[in-house]
$ cat upload.txt   # compact mmCIF, C-alpha atoms and all ligand atoms
# COMPACT_ATOMS: atom_id res chain seq x y z
CA MET R 1194 0.00 0.00 0.00
CA ARG R 1195 2.77 2.36 0.97
CA ASP R 1196 4.51 1.54 -2.35
CA LEU R 1197 1.41 2.48 -4.31
CA GLU R 1198 1.18 5.81 -2.48
CA PHE R 1199 4.85 6.46 -3.22
CA HIS R 1200 4.34 5.69 -6.90
CA SER R 1201 1.40 8.04 -7.20
CA ALA R 1202 3.30 10.78 -5.35
CA VAL R 1203 6.33 10.72 -7.66
CA GLY R 1204 4.61 9.70 -10.89
CA SER R 1205 5.49 6.60 -12.87
CA ILE R 1206 8.90 5.11 -12.16
CA ALA R 1207 10.68 3.81 -15.25
CA PRO R 1208 11.72 0.15 -15.00
CA PRO R 1209 15.51 -0.31 -14.73
CA ARG R 1210 17.17 -0.30 -18.15
CA PRO R 1211 18.81 -3.57 -19.10
CA GLN R 1212 22.61 -3.35 -18.89
CA GLU R 1213 24.22 -2.37 -22.20
CA PRO R 1214 26.59 -5.09 -23.46
CA LEU R 1215 30.31 -4.36 -23.25
CA LEU R 1216 30.85 -6.35 -26.43
CA GLU R 1217 28.29 -7.46 -28.97
CA THR R 1218 28.53 -9.45 -32.19
CA LYS R 1219 25.84 -9.25 -34.83
CA GLY R 1220 25.56 -11.89 -37.52
CA LEU R 1221 29.28 -12.70 -37.66
CA SER R 1222 30.46 -15.14 -40.25
CA PHE R 1223 33.95 -16.18 -41.26
CA SER R 1224 35.23 -18.35 -44.10
CA ALA R 1225 38.66 -19.67 -45.05
CA GLY R 1226 39.77 -22.04 -47.78
CA GLY R 1227 36.25 -22.06 -49.22
CA ASP R 1228 34.73 -23.32 -45.96
CA ARG R 1229 32.22 -21.35 -43.90
CA LEU R 1230 33.78 -21.80 -40.45
CA LEU R 1231 31.54 -19.48 -38.42
CA ARG R 1232 27.93 -18.69 -39.28
CA ASP R 1233 25.59 -15.98 -38.04
CA ILE R 1234 27.12 -15.53 -34.59
CA SER R 1235 25.16 -12.99 -32.57
CA LEU R 1236 25.96 -12.69 -28.88
CA GLU R 1237 26.29 -10.21 -26.04
CA ILE R 1238 28.96 -10.01 -23.35
CA ARG R 1239 27.72 -8.18 -20.25
CA PRO R 1240 30.19 -5.85 -18.50
CA GLY R 1241 31.76 -7.54 -15.49
CA SER R 1242 30.51 -10.98 -16.52
CA ARG R 1243 32.33 -14.30 -16.93
CA THR R 1244 31.44 -16.00 -20.20
CA LEU R 1245 32.62 -19.47 -21.14
CA ILE R 1246 32.82 -20.59 -24.75
CA MET R 1247 32.61 -24.35 -25.15
CA GLY R 1248 32.11 -26.87 -27.92
CA PRO R 1249 33.85 -29.82 -29.57
CA ASN R 1250 37.21 -29.62 -31.37
CA GLY R 1251 36.96 -27.57 -34.53
CA ALA R 1252 33.66 -25.92 -33.55
CA GLY R 1253 35.15 -22.46 -34.08
CA LYS R 1254 35.85 -21.32 -30.52
CA SER R 1255 39.34 -19.93 -31.14
CA LEU R 1256 38.22 -18.27 -34.36
CA LEU R 1257 35.38 -16.57 -32.53
CA LEU R 1258 37.75 -15.31 -29.83
CA ARG R 1259 40.13 -13.94 -32.50
CA LEU R 1260 37.28 -12.19 -34.28
CA MET R 1261 35.99 -10.62 -31.07
CA HIS R 1262 39.52 -9.41 -30.25
CA GLY R 1263 39.90 -7.93 -33.74
CA LEU R 1264 42.72 -10.29 -34.77
CA LEU R 1265 40.61 -11.50 -37.71
CA ARG R 1266 38.19 -9.61 -39.89
CA PRO R 1267 34.69 -11.08 -40.19
CA GLU R 1268 33.33 -11.91 -43.61
CA THR R 1269 29.94 -10.50 -42.65
CA GLY R 1270 28.54 -8.97 -39.49
CA ASN R 1271 29.71 -6.46 -36.89
CA ILE R 1272 31.50 -6.34 -33.59
CA LEU R 1273 30.41 -3.57 -31.26
CA TRP R 1274 32.35 -2.34 -28.24
CA ASN R 1275 30.26 -0.27 -25.84
CA GLY R 1276 27.72 0.07 -28.65
CA ALA R 1277 30.20 1.42 -31.23
CA LYS R 1278 32.41 -0.15 -33.87
CA LEU R 1279 35.44 -2.00 -32.46
CA THR R 1280 38.39 0.26 -33.23
CA ALA R 1281 42.13 -0.13 -32.72
CA GLU R 1282 41.81 2.24 -29.77
CA ALA R 1283 39.03 0.10 -28.24
CA ARG R 1284 41.13 -3.03 -28.74
CA ARG R 1285 43.67 -1.59 -26.32
CA SER R 1286 41.01 -2.08 -23.62
CA GLN R 1287 41.14 -5.80 -24.32
CA ALA R 1288 43.83 -8.42 -23.68
CA MET R 1289 44.21 -12.02 -24.75
CA VAL R 1290 45.95 -15.05 -23.31
CA PHE R 1291 46.57 -17.95 -25.68
CA GLN R 1292 46.72 -21.67 -24.97
CA ARG R 1293 50.46 -21.62 -25.66
CA PRO R 1294 51.79 -18.52 -23.92
CA VAL R 1295 53.29 -15.98 -26.29
CA LEU R 1296 56.27 -14.61 -24.38
CA LEU R 1297 59.24 -12.51 -25.39
CA ARG R 1298 62.65 -14.19 -25.43
CA ARG R 1299 63.64 -12.09 -22.47
CA SER R 1300 63.48 -12.36 -18.67
CA VAL R 1301 60.23 -12.66 -16.75
CA PHE R 1302 60.77 -9.10 -15.48
CA ALA R 1303 61.44 -7.79 -19.00
CA ASN R 1304 58.24 -9.38 -20.33
CA LEU R 1305 56.22 -7.40 -17.81
CA LYS R 1306 58.29 -4.24 -18.31
CA PHE R 1307 57.80 -4.34 -22.08
CA ALA R 1308 54.01 -4.84 -21.85
CA LEU R 1309 53.64 -1.94 -19.44
CA SER R 1310 55.95 0.32 -21.49
CA VAL R 1311 53.78 -0.27 -24.56
CA ARG R 1312 50.87 1.00 -22.45
CA GLY R 1313 52.87 4.14 -21.70
CA LEU R 1314 53.78 3.31 -18.11
CA ASN R 1315 57.25 4.24 -16.89
CA GLY R 1316 59.29 4.92 -13.77
CA ARG R 1317 58.12 4.11 -10.29
CA ILE R 1318 54.52 3.25 -11.25
CA ARG R 1319 55.77 0.68 -13.73
CA SER R 1320 58.20 -0.84 -11.21
CA GLU R 1321 55.44 -1.10 -8.60
CA LYS R 1322 53.13 -2.79 -11.07
CA ILE R 1323 55.81 -5.27 -12.08
CA GLU R 1324 56.49 -6.14 -8.42
CA GLN R 1325 52.75 -6.55 -7.79
CA ALA R 1326 52.28 -8.78 -10.85
CA LEU R 1327 55.28 -10.95 -9.91
CA ALA R 1328 53.97 -11.37 -6.37
CA ILE R 1329 50.41 -12.19 -7.50
CA ALA R 1330 51.74 -14.81 -9.92
CA GLY R 1331 54.15 -16.26 -7.35
CA LEU R 1332 57.04 -15.49 -9.70
CA SER R 1333 59.03 -12.92 -7.71
CA HIS R 1334 61.90 -15.40 -7.18
CA LEU R 1335 62.03 -16.06 -10.94
CA ALA R 1336 62.03 -12.44 -12.10
CA LYS R 1337 65.49 -12.64 -13.69
CA ARG R 1338 65.00 -16.04 -15.34
CA PRO R 1339 64.45 -16.18 -19.12
CA ALA R 1340 60.69 -16.56 -19.65
CA ARG R 1341 61.18 -19.39 -22.15
CA VAL R 1342 62.77 -21.70 -19.56
CA LEU R 1343 59.86 -21.42 -17.12
CA SER R 1344 57.57 -24.43 -16.74
CA GLY R 1345 54.29 -24.45 -18.67
CA GLY R 1346 52.32 -23.44 -15.57
CA GLU R 1347 54.76 -20.64 -14.69
CA GLN R 1348 54.69 -19.34 -18.26
CA GLN R 1349 50.91 -19.28 -18.27
CA ARG R 1350 50.78 -17.48 -14.89
CA LEU R 1351 53.19 -14.90 -16.34
CA ALA R 1352 51.03 -14.54 -19.47
CA VAL R 1353 47.90 -13.97 -17.37
CA VAL R 1354 49.42 -11.41 -14.97
CA ARG R 1355 51.15 -9.64 -17.87
CA ALA R 1356 47.78 -9.29 -19.58
CA LEU R 1357 46.13 -8.13 -16.36
CA ALA R 1358 48.91 -5.67 -15.50
CA CYS R 1359 47.74 -3.66 -18.51
CA GLU R 1360 44.35 -3.28 -16.77
CA PRO R 1361 42.10 -4.44 -19.61
CA ASP R 1362 38.33 -4.04 -19.42
CA LEU R 1363 37.99 -7.47 -21.02
CA LEU R 1364 40.32 -10.47 -20.89
CA PHE R 1365 40.03 -13.25 -23.48
CA LEU R 1366 41.55 -16.60 -22.51
CA ASP R 1367 41.83 -19.45 -25.02
CA GLU R 1368 42.11 -22.74 -23.11
CA PRO R 1369 44.65 -21.22 -20.70
CA THR R 1370 44.94 -24.35 -18.56
CA ALA R 1371 44.82 -27.02 -21.28
CA ASN R 1372 48.25 -28.43 -20.46
CA LEU R 1373 48.49 -27.61 -16.78
CA ASP R 1374 48.34 -29.74 -13.63
CA PRO R 1375 45.54 -29.22 -11.06
CA ALA R 1376 47.58 -26.83 -8.88
CA SER R 1377 48.59 -24.61 -11.80
CA THR R 1378 45.03 -24.75 -13.14
CA ALA R 1379 43.70 -23.62 -9.75
CA ALA R 1380 46.25 -20.76 -9.69
CA ILE R 1381 45.13 -19.52 -13.11
CA GLU R 1382 41.45 -19.81 -12.16
CA GLN R 1383 42.14 -17.81 -8.99
CA LEU R 1384 43.89 -15.06 -10.97
CA VAL R 1385 40.95 -14.91 -13.37
CA LEU R 1386 38.31 -14.82 -10.62
CA GLU R 1387 40.23 -12.16 -8.66
CA ALA R 1388 40.51 -10.03 -11.78
CA ASN R 1389 36.77 -10.39 -12.31
CA THR R 1390 36.06 -9.18 -8.76
CA ARG R 1391 38.05 -6.04 -9.71
CA GLY R 1392 35.67 -5.54 -12.66
CA VAL R 1393 37.53 -7.25 -15.52
CA THR R 1394 35.09 -8.95 -17.89
CA ILE R 1395 36.16 -12.51 -18.70
CA VAL R 1396 35.61 -14.49 -21.91
CA MET R 1397 37.25 -17.90 -21.75
CA VAL R 1398 37.37 -21.01 -23.92
CA THR R 1399 37.52 -24.32 -22.09
CA HIS R 1400 36.81 -28.03 -22.65
CA ASP R 1401 36.62 -28.67 -18.91
CA ALA R 1402 33.07 -28.80 -17.53
CA GLY R 1403 34.37 -28.57 -13.95
CA GLN R 1404 36.32 -25.44 -14.80
CA ALA R 1405 33.31 -23.98 -16.59
CA LYS R 1406 31.21 -24.42 -13.45
CA ARG R 1407 33.95 -23.02 -11.18
CA VAL R 1408 34.75 -19.98 -13.32
CA GLY R 1409 31.77 -19.29 -15.55
CA GLU R 1410 28.43 -17.57 -15.34
CA ASP R 1411 27.22 -17.43 -18.95
CA LEU R 1412 27.84 -20.20 -21.46
CA ILE R 1413 27.98 -20.03 -25.23
CA PHE R 1414 28.12 -23.49 -26.80
CA LEU R 1415 29.32 -23.74 -30.40
CA GLN R 1416 28.76 -26.61 -32.80
CA ASP R 1417 29.99 -26.61 -36.39
CA GLY R 1418 30.55 -22.86 -36.40
CA LYS R 1419 27.11 -21.99 -35.06
CA ILE R 1420 25.71 -21.21 -31.62
CA ALA R 1421 23.91 -24.36 -30.45
CA GLU R 1422 22.84 -23.11 -27.00
CA THR R 1423 23.41 -20.25 -24.59
CA GLY R 1424 22.42 -19.68 -20.98
CA ASP R 1425 23.51 -20.00 -17.38
CA VAL R 1426 26.52 -22.30 -17.33
CA GLN R 1427 25.26 -24.50 -14.47
CA GLN R 1428 21.82 -24.88 -16.05
CA VAL R 1429 23.03 -25.60 -19.58
CA LEU R 1430 25.55 -28.21 -18.45
CA SER R 1431 23.21 -29.96 -16.01
CA ALA R 1432 20.06 -29.83 -18.17
CA PRO R 1433 21.00 -29.08 -21.78
CA LYS R 1434 18.16 -28.23 -24.12
CA SER R 1435 20.05 -28.88 -27.35
CA GLU R 1436 21.29 -32.15 -28.81
CA PRO R 1437 24.84 -30.85 -29.45
CA VAL R 1438 25.34 -30.08 -25.74
CA ARG R 1439 23.75 -33.39 -24.71
CA ALA R 1440 26.06 -35.25 -27.08
CA TRP R 1441 29.11 -33.34 -25.79
CA ARG R 1442 28.17 -33.98 -22.15
CA ASP R 1443 27.64 -37.70 -22.82
CA GLY R 1444 30.90 -38.03 -24.75
CA ARG R 1445 29.19 -38.75 -28.06
CA ILE R 1446 30.12 -37.22 -31.41
CA TYR R 1447 27.25 -35.06 -32.61
CA LEU R 1448 26.42 -36.22 -36.09
CA GLY R 1449 24.08 -33.38 -37.01
CA ALA R 1450 20.31 -33.32 -37.42
CA ASN R 1451 20.29 -34.38 -41.08
CA ILE R 1452 22.62 -37.33 -40.59
CA GLU R 1453 20.64 -38.55 -37.58
CA THR R 1454 17.38 -38.29 -39.51
CA MET R 1455 18.90 -40.27 -42.37
CA SER R 1456 20.13 -43.02 -40.06
CA GLU R 1457 16.75 -43.11 -38.33
CA LYS R 1458 15.10 -43.45 -41.73
CA SER R 1459 17.47 -46.23 -42.79
CA GLY R 1460 16.88 -47.89 -39.39
CA ARG R 1461 13.13 -47.83 -40.02
CA LYS R 1462 13.59 -49.33 -43.49
CA ALA R 1463 15.62 -52.22 -42.12
N1 LIG R 1501 43.13 -19.90 -41.19
C1 LIG R 1501 42.36 -20.96 -41.38
N2 LIG R 1501 42.18 -21.51 -42.60
C2 LIG R 1501 41.40 -22.57 -42.81
N3 LIG R 1501 40.74 -23.19 -41.80
C3 LIG R 1501 40.88 -22.72 -40.56
C4 LIG R 1501 41.69 -21.58 -40.27
N4 LIG R 1501 41.64 -21.34 -38.94
C5 LIG R 1501 40.84 -22.29 -38.43
N5 LIG R 1501 40.39 -23.11 -39.39
C6 LIG R 1501 39.46 -24.24 -39.22
O1 LIG R 1501 38.32 -23.72 -38.58
C7 LIG R 1501 37.78 -24.70 -37.70
C8 LIG R 1501 37.61 -24.08 -36.33
O2 LIG R 1501 38.90 -23.84 -35.78
P1 LIG R 1501 39.09 -23.36 -34.27
O3 LIG R 1501 40.55 -23.33 -34.00
O4 LIG R 1501 38.34 -22.12 -34.06
O5 LIG R 1501 38.38 -24.56 -33.48
P2 LIG R 1501 38.22 -24.76 -31.93
O6 LIG R 1501 36.77 -24.86 -31.63
O7 LIG R 1501 38.98 -23.72 -31.19
O8 LIG R 1501 38.89 -26.20 -31.76
P3 LIG R 1501 39.79 -26.87 -30.61
O9 LIG R 1501 38.86 -27.19 -29.49
O10 LIG R 1501 40.33 -28.10 -31.27
O11 LIG R 1501 40.88 -25.88 -30.24
C9 LIG R 1501 38.71 -25.90 -37.73
O12 LIG R 1501 38.17 -26.87 -38.58
C10 LIG R 1501 39.99 -25.32 -38.30
O13 LIG R 1501 40.70 -26.30 -39.04
$ encode --input "upload.txt" --output "structure tokens" --more "lines below"
Ligand SMILES: Nc1ncnc2c1ncn2[C@@H]1O[C@H](COP(=O)(O)OP(=O)(O)OP(=O)(O)O)[C@@H](O)[C@H]1O
Amino acid sequence: MRDLEFHSAVGSIAPPRPQEPLLETKGLSFSAGGDRLLRDISLEIRPGSRTLIMGPNGAGKSLLLRLMHGLLRPETGNILWNGAKLTAEARRSQAMVFQRPVLLRRSVFANLKFALSVRGLNGRIRSEKIEQALAIAGLSHLAKRPARVLSGGEQQRLAVVRALACEPDLLFLDEPTANLDPASTAAIEQLVLEANTRGVTIVMVTHDAGQAKRVGEDLIFLQDGKIAETGDVQQVLSAPKSEPVRAWRDGRIYLGANIETMSEKSGRKA
């Protein structure tokens, strides 16, 4: 009753506006070698969210990440950043970590120093940021070591903190823990979740359902270059609505609707 009185006193109250996406793709497609590898990909990444991209080998996950980060040009469709065209300037608000860390053939310290210098940071601020990043990654004692002799887990921790030291609004990660042991995987997941609590939007490719549930909120599932299903990661993985996700969860190869129909037909004939 009191609410009704309040409403009539102040006039109509507009409902809250839905949050504008940080990144949006509209009808993206991509071809190479005469093959259509991604088709009609339209999606929204909410600011501050954690989105997981999943799907079988060859579904187009890495391609989609590269398109969203502006490393590839779409054949058709648009990528919007804060509602406007993704520009080179906007791309500097993004960072990407690859499955195989791309590190300079220099020391751990120099890898961080170079990344921060490119962002225009110098002097004491840069030194402080390097020290912070080394401490967060547990690499302070390895600062002088050549990056290329670090273990796989150490290299990936360096790649993640180097990306985060540049304070991106959005961090893309392409299977960052694919070759890592459980402890290194947990360390990377912790770095990612901590960054997200500081407001960094996360878009990550993984094949690991456990990791998806630990790290993700939103799920985009790709099959054969198309979006098969999207939704809350826990819900989609525990009760998938689409056959591609059911097949993936059950460890079956998805044969596609047409092929299944044909085999059903031939089964009926026999
Ligand atoms: N430059 C290219 N030229 C031709 N085909 C390509 C090119 N890049 C990727 N592809 C093909 O596009 C498809 C999707 O590749 P992509 O790397 O995105 O798959 P993915 O879902 O990340 O797979 P995985 O889980 O195995 O890493 C694959 O069949 C791949 O061979």
$ residues_near_ligand --input "upload.txt" --ligand "ligand LIG 1501 (chain R)" --cutoff "6 Å" --atoms "all atoms listed in the file" --output "JSON, numbers by chain"
{"R": [1225, 1226, 1230, 1249, 1250, 1251, 1252, 1253, 1254, 1255, 1256]}
$ closest_residue --input "upload.txt" --among "R:Pro1214, R:Pro1437, R:Gly1409, R:Gly1313" --to "R:Gly1276" --atoms "only C-alpha atoms"
R:Pro1214
$ closest_residue --input "upload.txt" --among "R:Ala1371, R:Ala1402, R:Ile1329, R:Ile1234" --to "R:Asp1443" --atoms "all atoms listed in the file"
R:Ala1402
$ residues_around --input "upload.txt" --residues "R:Leu1265" --least-positions-apart "6" --cutoff "10 Å" --atoms "only C-alpha atoms" --output "ChimeraX atom specification"
/R:1223,1256-1259
$ write_last_selection --input "upload.txt" --atoms "C-alpha atoms" --output "mmCIF file, keeping the file's coordinate frame"
data_model
loop_
_atom_site.group_PDB
_atom_site.id
_atom_site.type_symbol
_atom_site.label_atom_id
_atom_site.label_comp_id
_atom_site.auth_asym_id
_atom_site.auth_seq_id
_atom_site.Cartn_x
_atom_site.Cartn_y
_atom_site.Cartn_z
ATOM 1 C CA PHE R 1223 33.950 -16.180 -41.260
ATOM 2 C CA LEU R 1256 38.220 -18.270 -34.360
ATOM 3 C CA LEU R 1257 35.380 -16.570 -32.530
ATOM 4 C CA LEU R 1258 37.750 -15.310 -29.830
ATOM 5 C CA ARG R 1259 40.130 -13.940 -32.500
#
$ closest_residue --input "upload.txt" --among "R:Ala1336, R:Leu1305, R:Ile1238, R:Met1247" --to "R:Gly1418" --atoms "all atoms listed in the file"
R:Met1247
$ atom_distance --input "upload.txt" --atom1 "atom CA of R:Gly1220" --atom2 "atom CA of R:Gly1270"
4.6 Å
$ atom_distance --input "upload.txt" --atom1 "atom CA of R:Val1438" --atom2 "atom CA of R:Glu1422"
7.5 Å
$ residues_around --input "upload.txt" --residues "R:Ala1330" --least-positions-apart "3" --cutoff "7 Å" --atoms "all atoms listed in the file" --output "list of chain:residue names"
R:Ala1326, R:Leu1327, R:Arg1350, R:Leu1351, R:Val1354
$ closest_residue --input "upload.txt" --among "R:Ala1421, R:Met1397, R:Val1385, R:Ala1376" --to "R:Gly1449" --atoms "all atoms listed in the file"
R:Ala1421
$ axis_aligned_box --input "upload.txt" --around "stretch 1347-1366 of chain R" --padding-each-side "6 Å" --output "AutoDock Vina command-line options"
--center_x 46.4 --center_y -12.0 --center_z -19.1 --size_x 28.8 --size_y 29.4 --size_z 20.8
$ atom_distance --input "upload.txt" --atom1 "atom CA of R:Val1295" --atom2 "atom CA of R:Arg1317"
26.1 Å
$ residues_around --input "upload.txt" --residues "R:Gln1383" --least-positions-apart "6" --cutoff "10 Å" --atoms "all atoms listed in the file" --output "PDB file with C-alpha atoms, keeping the file's coordinate frame"
ATOM      1  CA  SER R1377      48.590 -24.610 -11.800  1.00  0.00           C
ATOM      2  CA  ASN R1389      36.770 -10.390 -12.310  1.00  0.00           C
ATOM      3  CA  ARG R1407      33.950 -23.020 -11.180  1.00  0.00           C
ATOM      4  CA  VAL R1408      34.750 -19.980 -13.320  1.00  0.00           C
TER       5      VAL R1408
END
$ residues_near_point --input "upload.txt" --point "(54.0, -14.9, -20.6)" --cutoff "8 Å" --atoms "all atoms listed in the file" --output "list in words"
Pro1294, Val1295, Leu1296, Leu1297, Val1301, Asn1304, Ala1340, Gln1348, Gln1349, Arg1350, Leu1351, Ala1352, Val1353 and Arg1355 of chain R
$ residues_around --input "upload.txt" --residues "R:Gln1428" --least-positions-apart "5" --cutoff "10 Å" --atoms "only C-alpha atoms" --output "short mmCIF file (atom, residue, chain, number, x, y, z; two decimals) with C-alpha atoms, keeping the file's coordinate frame"
data_model
loop_
_atom_site.label_atom_id
_atom_site.label_comp_id
_atom_site.auth_asym_id
_atom_site.auth_seq_id
_atom_site.Cartn_x
_atom_site.Cartn_y
_atom_site.Cartn_z
CA LYS R 1406 31.21 -24.42 -13.45
CA GLU R 1410 28.43 -17.57 -15.34
CA ASP R 1411 27.22 -17.43 -18.95
CA LEU R 1412 27.84 -20.20 -21.46
CA THR R 1423 23.41 -20.25 -24.59
CA PRO R 1433 21.00 -29.08 -21.78
CA LYS R 1434 18.16 -28.23 -24.12
#
$ build_atoms --input "upload.txt" --residues "stretch 1415-1435 of chain R" --atoms "N, CA and C atoms" --output "compact mmCIF listing (two decimals), in the frame of the given file"
# COMPACT_ATOMS: atom_id res chain seq x y z
N LEU R 1415 29.23 -23.74 -28.94
CA LEU R 1415 29.32 -23.74 -30.40
C LEU R 1415 29.33 -25.16 -30.94
N GLN R 1416 28.70 -25.34 -32.08
CA GLN R 1416 28.76 -26.61 -32.80
C GLN R 1416 28.83 -26.29 -34.28
N ASP R 1417 29.85 -26.81 -34.94
CA ASP R 1417 29.99 -26.61 -36.39
C ASP R 1417 29.87 -25.14 -36.79
N GLY R 1418 30.51 -24.27 -36.04
CA GLY R 1418 30.55 -22.86 -36.40
C GLY R 1418 29.29 -22.07 -36.12
N LYS R 1419 28.35 -22.70 -35.40
CA LYS R 1419 27.11 -21.99 -35.06
C LYS R 1419 26.85 -22.08 -33.56
N ILE R 1420 26.08 -21.13 -33.03
CA ILE R 1420 25.71 -21.21 -31.62
C ILE R 1420 24.62 -22.27 -31.48
N ALA R 1421 24.90 -23.30 -30.67
CA ALA R 1421 23.91 -24.36 -30.45
C ALA R 1421 23.03 -24.03 -29.26
N GLU R 1422 23.62 -23.41 -28.22
CA GLU R 1422 22.84 -23.11 -27.00
C GLU R 1422 23.58 -22.06 -26.18
N THR R 1423 22.83 -21.21 -25.52
CA THR R 1423 23.41 -20.25 -24.59
C THR R 1423 22.59 -20.26 -23.31
N GLY R 1424 23.17 -19.78 -22.23
CA GLY R 1424 22.42 -19.68 -20.98
C GLY R 1424 23.35 -19.73 -19.79
N ASP R 1425 22.74 -19.88 -18.62
CA ASP R 1425 23.51 -20.00 -17.38
C ASP R 1425 24.34 -21.28 -17.43
N VAL R 1426 25.62 -21.16 -17.12
CA VAL R 1426 26.52 -22.30 -17.33
C VAL R 1426 26.10 -23.54 -16.54
N GLN R 1427 25.67 -23.35 -15.29
CA GLN R 1427 25.26 -24.50 -14.47
C GLN R 1427 24.04 -25.17 -15.09
N GLN R 1428 23.07 -24.33 -15.51
CA GLN R 1428 21.82 -24.88 -16.05
C GLN R 1428 22.06 -25.62 -17.36
N VAL R 1429 22.83 -24.98 -18.26
CA VAL R 1429 23.03 -25.60 -19.58
C VAL R 1429 23.75 -26.93 -19.43
N LEU R 1430 24.77 -26.97 -18.56
CA LEU R 1430 25.55 -28.21 -18.45
C LEU R 1430 24.80 -29.30 -17.70
N SER R 1431 23.93 -28.91 -16.75
CA SER R 1431 23.21 -29.96 -16.01
C SER R 1431 21.93 -30.38 -16.72
N ALA R 1432 21.30 -29.48 -17.46
CA ALA R 1432 20.06 -29.83 -18.17
C ALA R 1432 20.05 -29.20 -19.55
N PRO R 1433 20.93 -29.70 -20.45
CA PRO R 1433 21.00 -29.08 -21.78
C PRO R 1433 19.71 -29.24 -22.56
N LYS R 1434 19.39 -28.18 -23.32
CA LYS R 1434 18.16 -28.23 -24.12
C LYS R 1434 18.46 -28.70 -25.54
N SER R 1435 19.73 -28.57 -25.95
CA SER R 1435 20.05 -28.88 -27.35
C SER R 1435 20.80 -30.21 -27.46
